[in-house]
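Presented below is the structure to which this report refers.
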Amino acid sequence: MTLSGLPCLLHLIMEKNMKKREEYRLRERQLNIRVTDYEYQLIKERMKASRSATLREFLVDVATNGFLINVDYSDIKALAYEINRIGNNINQIAHKINSEGSVYKKQIEEVQEDVSMIWKLLREKLYQIP
């Protein structure tokens, strides 16, 4: 055998070994994900805390044995809408004061009612949290 045939032979041996490994591989699917630096650090910290030996072991364990919490944000969206309304009312009152120098008592009462409603919604949500 010549030296020029050595790389070709090496390539054949490596290819044969790779095929053998693939035959015995339990996990045949590959996932590739991208994360931010912050997310990566968080994952690594949680992996260390879990005492998982490898990142793959940790991610598979979390993905298959972990649980997912679904949060209903509809109340928060309603709350954000109400807060936006209050902001608009305050802007209208401020504009009126700046242009005319006066404000109606009814406008101030409307804003106070809106703020009271926001506090009521917040209290309801806070008491629901376990």
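In the structure tokens, chains take the letters A, B, ... in the order shown, each chain's residues start at 1, and ligands count up from 1 in the order shown.
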Within 10 Å of range 114-126 of chain A: each range 64-91 of chain A residue with its shortest pair, only C-alpha atoms, as JSON lines:
```
{"residue": "A:Asp75", "atom": "CA", "partner": "A:Lys125", "partner_atom": "CA", "distance": 8.2}
{"residue": "A:Ile76", "atom": "CA", "partner": "A:Lys125", "partner_atom": "CA", "distance": 8.9}
{"residue": "A:Ala78", "atom": "CA", "partner": "A:Leu121", "partner_atom": "CA", "distance": 9.3}
{"residue": "A:Leu79", "atom": "CA", "partner": "A:Ile118", "partner_atom": "CA", "distance": 6.7}
{"residue": "A:Ala80", "atom": "CA", "partner": "A:Ile118", "partner_atom": "CA", "distance": 9.3}
{"residue": "A:Glu82", "atom": "CA", "partner": "A:Ile118", "partner_atom": "CA", "distance": 7.0}
{"residue": "A:Ile83", "atom": "CA", "partner": "A:Ile118", "partner_atom": "CA", "distance": 7.3}
{"residue": "A:Arg85", "atom": "CA", "partner": "A:Asp114", "partner_atom": "CA", "distance": 8.3}
{"residue": "A:Ile86", "atom": "CA", "partner": "A:Asp114", "partner_atom": "CA", "distance": 6.4}
{"residue": "A:Asn89", "atom": "CA", "partner": "A:Asp114", "partner_atom": "CA", "distance": 9.5}
```
query: What's the 10 Å shell around Gln92 in chain A, counting only C-alpha atoms, without same-chain residues fewer than 6 positions away, as a list of chain:residue names?
result: A:Ile86, A:Asn98, A:Val103, A:Gln107
- prompt: Do you know which residues are at most 12 Å from Lys48 in chain A counting only C-alpha atoms, after dropping those on the same chain fewer than 6 positions away, and could you put them as a list of chain:residue names?
  reply: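 Listing them by chain and then by number gives A:Gln41, A:Leu42, A:Thr54, A:Leu55, A:Glu57, A:Phe58, A:Leu59.
Proximity of A:Ala63, A:Leu31, A:Ile90, A:Ile97 to Glu109 in chain A, computed with only C-alpha atoms, is greatest for A:Ile90.
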